[in-house]
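Report on the structure given below.
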Amino acid sequence: MVYRCEEVLLSHNKFNETKDQWECIAGHTLKGINFLEQYGHFVKERCQIELDYARGLRRLVKAYLPKKKECEDLQFTSVKAFRDVVNETADLAGQHEVISETLTSVVLTEIGNLVKEFKEDRKKVYSMKDCKRFSRYYCML
């Protein structure tokens with residue numbers, strides 16, 4: 001059975017009228033990409049806050065860490081406990097720095113790659129859609 005181009009185009013257009021939902025897909029994919037970008041901005045701001053918090057903790061530790069000259073007071077239990085609290089605060093600052101570095105190097109990088117990949121895929125799909133329209137136009141001539 002041989003089909004003429006016009007018959008195929010007409011049947012294809014009827015199918016497209018009922019099944020083609022390019023606008024819905026376009027809206028959905030765009031919302032997904034926008035969400036990923038928004039999440040990336042959130043993570044970036046959180047990284048900055050974590051770094052600022054770690055810097056503030058480091059300043060606090062530096063200000064309250066007992067000096068070497070005050071060795072005679074180190075024998076008291078309360079002074080030892082205070083020194084331990086200050087040292088734990090320094091460790092906490094280090095943990096916040098690690099969180100920031102990990103979020104930046106792993107999460108932000110992956111989000112950026114996903115956004116880039118999704119935008120390229122979306123562009124390819126729309127270029128294929130335009131090619132189909134272009135071929136349909138020339139098929140009608």
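Labeling convention for the structure tokens: chains A, B, ... as they appear, residues from 1 per chain, ligands from 1 in order of appearance.
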Residues within 6 Å of region 91-97 of chain A, only C-alpha atoms, excluding chain neighbours under 4 positions, as a PDB file with all heavy atoms, in the first residue's frame:
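As a result, around27.pdb now contains:
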```pdb
ATOM      1  N   GLU A  50      27.511  28.758  55.981  1.00  0.00           N
ATOM      2  CA  GLU A  50      28.340  27.801  56.731  1.00  0.00           C
ATOM      3  C   GLU A  50      29.758  28.333  56.891  1.00  0.00           C
ATOM      4  O   GLU A  50      30.350  28.228  57.967  1.00  0.00           O
ATOM      5  CB  GLU A  50      28.369  26.442  56.025  1.00  0.00           C
ATOM      6  CG  GLU A  50      27.051  25.701  56.006  1.00  0.00           C
ATOM      7  CD  GLU A  50      26.690  25.045  57.325  1.00  0.00           C
ATOM      8  OE1 GLU A  50      27.532  24.992  58.236  1.00  0.00           O
ATOM      9  OE2 GLU A  50      25.550  24.588  57.438  1.00  0.00           O
ATOM     10  N   LEU A  51      30.321  28.902  55.824  1.00  0.00           N
ATOM     11  CA  LEU A  51      31.673  29.461  55.910  1.00  0.00           C
ATOM     12  C   LEU A  51      31.736  30.647  56.870  1.00  0.00           C
ATOM     13  O   LEU A  51      32.669  30.767  57.666  1.00  0.00           O
ATOM     14  CB  LEU A  51      32.161  29.892  54.532  1.00  0.00           C
ATOM     15  CG  LEU A  51      32.751  28.806  53.656  1.00  0.00           C
ATOM     16  CD1 LEU A  51      33.154  29.376  52.298  1.00  0.00           C
ATOM     17  CD2 LEU A  51      33.946  28.154  54.317  1.00  0.00           C
ATOM     18  N   ALA A  54      31.595  29.325  60.379  1.00  0.00           N
ATOM     19  CA  ALA A  54      32.876  28.718  60.752  1.00  0.00           C
ATOM     20  C   ALA A  54      33.910  29.799  61.072  1.00  0.00           C
ATOM     21  O   ALA A  54      34.665  29.673  62.045  1.00  0.00           O
ATOM     22  CB  ALA A  54      33.380  27.815  59.629  1.00  0.00           C
ATOM     23  N   LEU A  57      33.117  31.201  64.479  1.00  0.00           N
ATOM     24  CA  LEU A  57      33.535  30.284  65.537  1.00  0.00           C
ATOM     25  C   LEU A  57      35.051  30.313  65.723  1.00  0.00           C
ATOM     26  O   LEU A  57      35.550  30.276  66.855  1.00  0.00           O
ATOM     27  CB  LEU A  57      33.069  28.862  65.225  1.00  0.00           C
ATOM     28  CG  LEU A  57      31.572  28.591  65.351  1.00  0.00           C
ATOM     29  CD1 LEU A  57      31.260  27.166  64.913  1.00  0.00           C
ATOM     30  CD2 LEU A  57      31.077  28.826  66.765  1.00  0.00           C
TER      31      LEU A  57
END
```
**Request:** Just the residues within 7 Å of Leu65 (chain A), please, counting only C-alpha atoms, with nothing from its chain fewer than 2 positions along; format it as a PyMOL selection string.
**Result:** chain A and resi 61-63+67+83+86
Next, write the just-selected residues to a file, as a PDB file, in the first residue's frame, keeping all heavy atoms as the atom set.
```pdb
ATOM      1  N   VAL A  61      37.018  31.188  69.153  1.00  0.00           N
ATOM      2  CA  VAL A  61      38.027  30.306  69.737  1.00  0.00           C
ATOM      3  C   VAL A  61      39.326  31.056  69.951  1.00  0.00           C
ATOM      4  O   VAL A  61      39.964  30.946  71.017  1.00  0.00           O
ATOM      5  CB  VAL A  61      38.246  29.064  68.834  1.00  0.00           C
ATOM      6  CG1 VAL A  61      39.488  28.297  69.228  1.00  0.00           C
ATOM      7  CG2 VAL A  61      37.027  28.168  68.873  1.00  0.00           C
ATOM      8  N   LYS A  62      39.720  31.838  68.965  1.00  0.00           N
ATOM      9  CA  LYS A  62      40.968  32.591  69.067  1.00  0.00           C
ATOM     10  C   LYS A  62      40.917  33.586  70.234  1.00  0.00           C
ATOM     11  O   LYS A  62      41.906  33.775  70.958  1.00  0.00           O
ATOM     12  CB  LYS A  62      41.230  33.332  67.757  1.00  0.00           C
ATOM     13  CG  LYS A  62      42.572  34.001  67.693  1.00  0.00           C
ATOM     14  CD  LYS A  62      42.784  34.628  66.332  1.00  0.00           C
ATOM     15  CE  LYS A  62      44.124  35.337  66.289  1.00  0.00           C
ATOM     16  NZ  LYS A  62      44.359  35.978  64.989  1.00  0.00           N
ATOM     17  N   ALA A  63      39.758  34.188  70.432  1.00  0.00           N
ATOM     18  CA  ALA A  63      39.620  35.181  71.492  1.00  0.00           C
ATOM     19  C   ALA A  63      39.631  34.549  72.885  1.00  0.00           C
ATOM     20  O   ALA A  63      40.130  35.152  73.842  1.00  0.00           O
ATOM     21  CB  ALA A  63      38.336  35.981  71.307  1.00  0.00           C
ATOM     22  N   LYS A  67      45.947  31.484  76.940  1.00  0.00           N
ATOM     23  CA  LYS A  67      47.305  31.740  76.493  1.00  0.00           C
ATOM     24  C   LYS A  67      48.262  30.783  77.208  1.00  0.00           C
ATOM     25  O   LYS A  67      47.938  30.205  78.236  1.00  0.00           O
ATOM     26  CB  LYS A  67      47.711  33.190  76.804  1.00  0.00           C
ATOM     27  CG  LYS A  67      46.743  34.227  76.295  1.00  0.00           C
ATOM     28  CD  LYS A  67      46.782  34.316  74.789  1.00  0.00           C
ATOM     29  CE  LYS A  67      45.962  35.496  74.323  1.00  0.00           C
ATOM     30  NZ  LYS A  67      44.732  35.143  73.698  1.00  0.00           N
ATOM     31  N   ARG A  83      38.569  24.936  78.595  1.00  0.00           N
ATOM     32  CA  ARG A  83      39.494  24.721  77.469  1.00  0.00           C
ATOM     33  C   ARG A  83      38.956  23.637  76.533  1.00  0.00           C
ATOM     34  O   ARG A  83      39.034  23.760  75.314  1.00  0.00           O
ATOM     35  CB  ARG A  83      40.880  24.346  77.989  1.00  0.00           C
ATOM     36  CG  ARG A  83      41.922  24.297  76.878  1.00  0.00           C
ATOM     37  CD  ARG A  83      43.274  23.860  77.367  1.00  0.00           C
ATOM     38  NE  ARG A  83      43.149  22.500  77.886  1.00  0.00           N
ATOM     39  CZ  ARG A  83      43.828  22.030  78.947  1.00  0.00           C
ATOM     40  NH1 ARG A  83      44.659  22.780  79.598  1.00  0.00           N
ATOM     41  NH2 ARG A  83      43.650  20.792  79.355  1.00  0.00           N
ATOM     42  N   VAL A  86      36.209  25.130  74.419  1.00  0.00           N
ATOM     43  CA  VAL A  86      36.787  25.977  73.365  1.00  0.00           C
ATOM     44  C   VAL A  86      37.350  25.111  72.242  1.00  0.00           C
ATOM     45  O   VAL A  86      37.157  25.398  71.055  1.00  0.00           O
ATOM     46  CB  VAL A  86      37.852  26.933  73.955  1.00  0.00           C
ATOM     47  CG1 VAL A  86      38.593  27.661  72.853  1.00  0.00           C
ATOM     48  CG2 VAL A  86      37.209  27.927  74.904  1.00  0.00           C
TER      49      VAL A  86
END
```
I'd like a table as a tab-separated table: residues in region 79-133 of chain A with an atom no more than 9 Å from region 27-33 of chain A, each row giving the shortest atom pair and its distance in Å to one decimal, only C-alpha atoms counted, sorted by chain and rising residue number.
```
residue	atom	partner	partner_atom	distance
A:Leu114	CA	A:Ile33	CA	8.6
A:Val115	CA	A:Ile33	CA	6.1
A:Phe118	CA	A:Ile33	CA	7.0
A:Lys119	CA	A:Ile33	CA	7.4
A:Arg122	CA	A:Thr29	CA	7.5
```
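With CA of Lys129 (chain A) on one side and CA of Glu117 (chain A) on the other, the separation reads 18.4 Å.
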**Prompt:** Quick one: distance from CA of Glu23 (chain A) to CA of Leu108 (chain A) in Å, one decimal?
**Reply:** 29.5 Å
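For the set A:Arg59, A:Thr89, A:Thr104, A:Tyr64, the residue with the smallest atom-to-atom gap to Arg46 (chain A) is A:Thr104, counting only C-alpha atoms.
Between CA of Asp121 (chain A) and CA of Gln21 (chain A) there is a distance of 17.1 Å.
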Cys47 (chain A) surroundings by only C-alpha atoms, 12 Å radius, close-in-sequence under 6 positions cut, as a CSV table (one decimal) with all heavy atoms, in the first residue's frame:
```csv
chain,number,residue,atom,x,y,z
A,40,GLY,N,20.0,25.2,43.4
A,40,GLY,CA,21.4,25.5,43.4
A,40,GLY,C,21.8,26.8,44.1
A,40,GLY,O,22.8,26.9,44.8
A,41,HIS,N,20.9,27.8,43.9
A,41,HIS,CA,21.1,29.1,44.6
A,41,HIS,C,21.0,29.0,46.1
A,41,HIS,O,21.8,29.6,46.8
A,41,HIS,CB,20.2,30.2,44.1
A,41,HIS,CG,20.4,30.6,42.6
A,41,HIS,ND1,21.6,31.1,42.2
A,41,HIS,CD2,19.6,30.5,41.6
A,41,HIS,CE1,21.5,31.4,40.9
A,41,HIS,NE2,20.2,31.0,40.5
A,53,TYR,N,29.8,31.2,59.4
A,53,TYR,CA,29.6,30.7,60.7
A,53,TYR,C,30.9,30.1,61.2
A,53,TYR,O,31.3,30.3,62.4
A,53,TYR,CB,28.5,29.7,60.8
A,53,TYR,CG,28.1,29.1,62.1
A,53,TYR,CD1,27.7,30.0,63.1
A,53,TYR,CD2,28.2,27.8,62.4
A,53,TYR,CE1,27.4,29.5,64.4
A,53,TYR,CE2,27.9,27.3,63.7
A,53,TYR,CZ,27.5,28.2,64.7
A,53,TYR,OH,27.1,27.7,65.9
A,54,ALA,N,31.6,29.3,60.4
A,54,ALA,CA,32.9,28.7,60.8
A,54,ALA,C,33.9,29.8,61.1
A,54,ALA,O,34.7,29.7,62.0
A,54,ALA,CB,33.4,27.8,59.6
A,96,HIS,N,31.9,22.6,60.0
A,96,HIS,CA,31.1,23.5,59.2
A,96,HIS,C,31.9,23.9,57.9
A,96,HIS,O,31.3,24.0,56.8
A,96,HIS,CB,30.7,24.8,59.9
A,96,HIS,CG,29.6,24.6,60.9
A,96,HIS,ND1,28.2,24.5,60.4
A,96,HIS,CD2,29.5,24.4,62.2
A,96,HIS,CE1,27.5,24.3,61.5
A,96,HIS,NE2,28.2,24.2,62.6
A,97,GLU,N,33.2,24.0,58.0
A,97,GLU,CA,34.0,24.2,56.8
A,97,GLU,C,33.9,23.0,55.9
A,97,GLU,O,33.8,23.2,54.7
A,97,GLU,CB,35.5,24.5,57.2
A,97,GLU,CG,35.6,25.9,57.9
A,97,GLU,CD,37.0,26.0,58.5
A,97,GLU,OE1,37.7,25.0,58.7
A,97,GLU,OE2,37.4,27.2,58.9
A,98,VAL,N,34.0,21.8,56.4
A,98,VAL,CA,33.9,20.6,55.6
A,98,VAL,C,32.5,20.5,54.9
A,98,VAL,O,32.4,20.2,53.8
A,98,VAL,CB,34.2,19.3,56.5
A,98,VAL,CG1,33.8,18.1,55.7
A,98,VAL,CG2,35.6,19.3,56.9
A,99,ILE,N,31.5,20.9,55.7
A,99,ILE,CA,30.1,20.9,55.1
A,99,ILE,C,30.1,21.8,53.9
A,99,ILE,O,29.6,21.5,52.8
A,99,ILE,CB,29.1,21.3,56.1
A,99,ILE,CG1,28.9,20.1,57.2
A,99,ILE,CG2,27.7,21.6,55.5
A,99,ILE,CD1,28.0,20.5,58.3
A,100,SER,N,30.6,23.0,54.1
A,100,SER,CA,30.6,24.0,53.0
A,100,SER,C,31.4,23.5,51.8
A,100,SER,O,30.9,23.6,50.6
A,100,SER,CB,31.1,25.3,53.5
A,100,SER,OG,31.2,26.2,52.5
A,101,GLU,N,32.6,23.0,52.0
A,101,GLU,CA,33.4,22.5,50.9
A,101,GLU,C,32.7,21.3,50.2
A,101,GLU,O,32.8,21.3,49.0
A,101,GLU,CB,34.8,22.0,51.5
A,101,GLU,CG,35.6,23.2,51.9
A,101,GLU,CD,36.9,22.7,52.7
A,101,GLU,OE1,37.1,21.5,52.8
A,101,GLU,OE2,37.6,23.6,53.2
A,102,THR,N,32.1,20.4,50.9
A,102,THR,CA,31.5,19.3,50.3
A,102,THR,C,30.3,19.7,49.5
A,102,THR,O,30.1,19.2,48.4
A,102,THR,CB,31.0,18.2,51.4
A,102,THR,OG1,32.2,17.9,52.1
A,102,THR,CG2,30.4,17.0,50.7
A,103,LEU,N,29.5,20.6,50.0
A,103,LEU,CA,28.3,21.1,49.3
A,103,LEU,C,28.7,21.8,48.0
A,103,LEU,O,28.1,21.6,47.0
A,103,LEU,CB,27.5,22.1,50.1
A,103,LEU,CG,26.6,21.4,51.2
A,103,LEU,CD1,26.0,22.5,52.1
A,103,LEU,CD2,25.5,20.6,50.6
A,104,THR,N,29.8,22.6,48.1
A,104,THR,CA,30.3,23.3,46.9
A,104,THR,C,30.9,22.3,45.9
A,104,THR,O,30.5,22.4,44.7
A,104,THR,CB,31.4,24.3,47.4
A,104,THR,OG1,30.8,25.2,48.3
A,104,THR,CG2,31.9,25.1,46.2
A,105,SER,N,31.7,21.4,46.3
A,105,SER,CA,32.4,20.6,45.4
A,105,SER,C,31.5,19.5,44.8
A,105,SER,O,31.7,19.1,43.6
A,105,SER,CB,33.7,20.0,46.0
A,105,SER,OG,33.3,19.1,47.1
A,106,VAL,N,30.6,18.9,45.6
A,106,VAL,CA,29.8,17.8,45.1
A,106,VAL,C,28.5,18.2,44.7
A,106,VAL,O,28.1,18.0,43.5
A,106,VAL,CB,29.7,16.7,46.2
A,106,VAL,CG1,28.9,15.5,45.8
A,106,VAL,CG2,31.1,16.2,46.6
A,107,VAL,N,27.7,18.8,45.5
A,107,VAL,CA,26.3,19.1,45.3
A,107,VAL,C,26.1,20.2,44.2
A,107,VAL,O,25.4,20.0,43.2
A,107,VAL,CB,25.5,19.5,46.6
A,107,VAL,CG1,24.1,19.8,46.3
A,107,VAL,CG2,25.6,18.3,47.6
A,108,LEU,N,26.8,21.3,44.4
A,108,LEU,CA,26.7,22.4,43.4
A,108,LEU,C,27.2,22.0,42.1
A,108,LEU,O,26.6,22.4,41.0
A,108,LEU,CB,27.5,23.6,43.9
A,108,LEU,CG,26.7,24.6,44.8
A,108,LEU,CD1,27.6,25.8,45.2
A,108,LEU,CD2,25.4,25.1,44.1
```
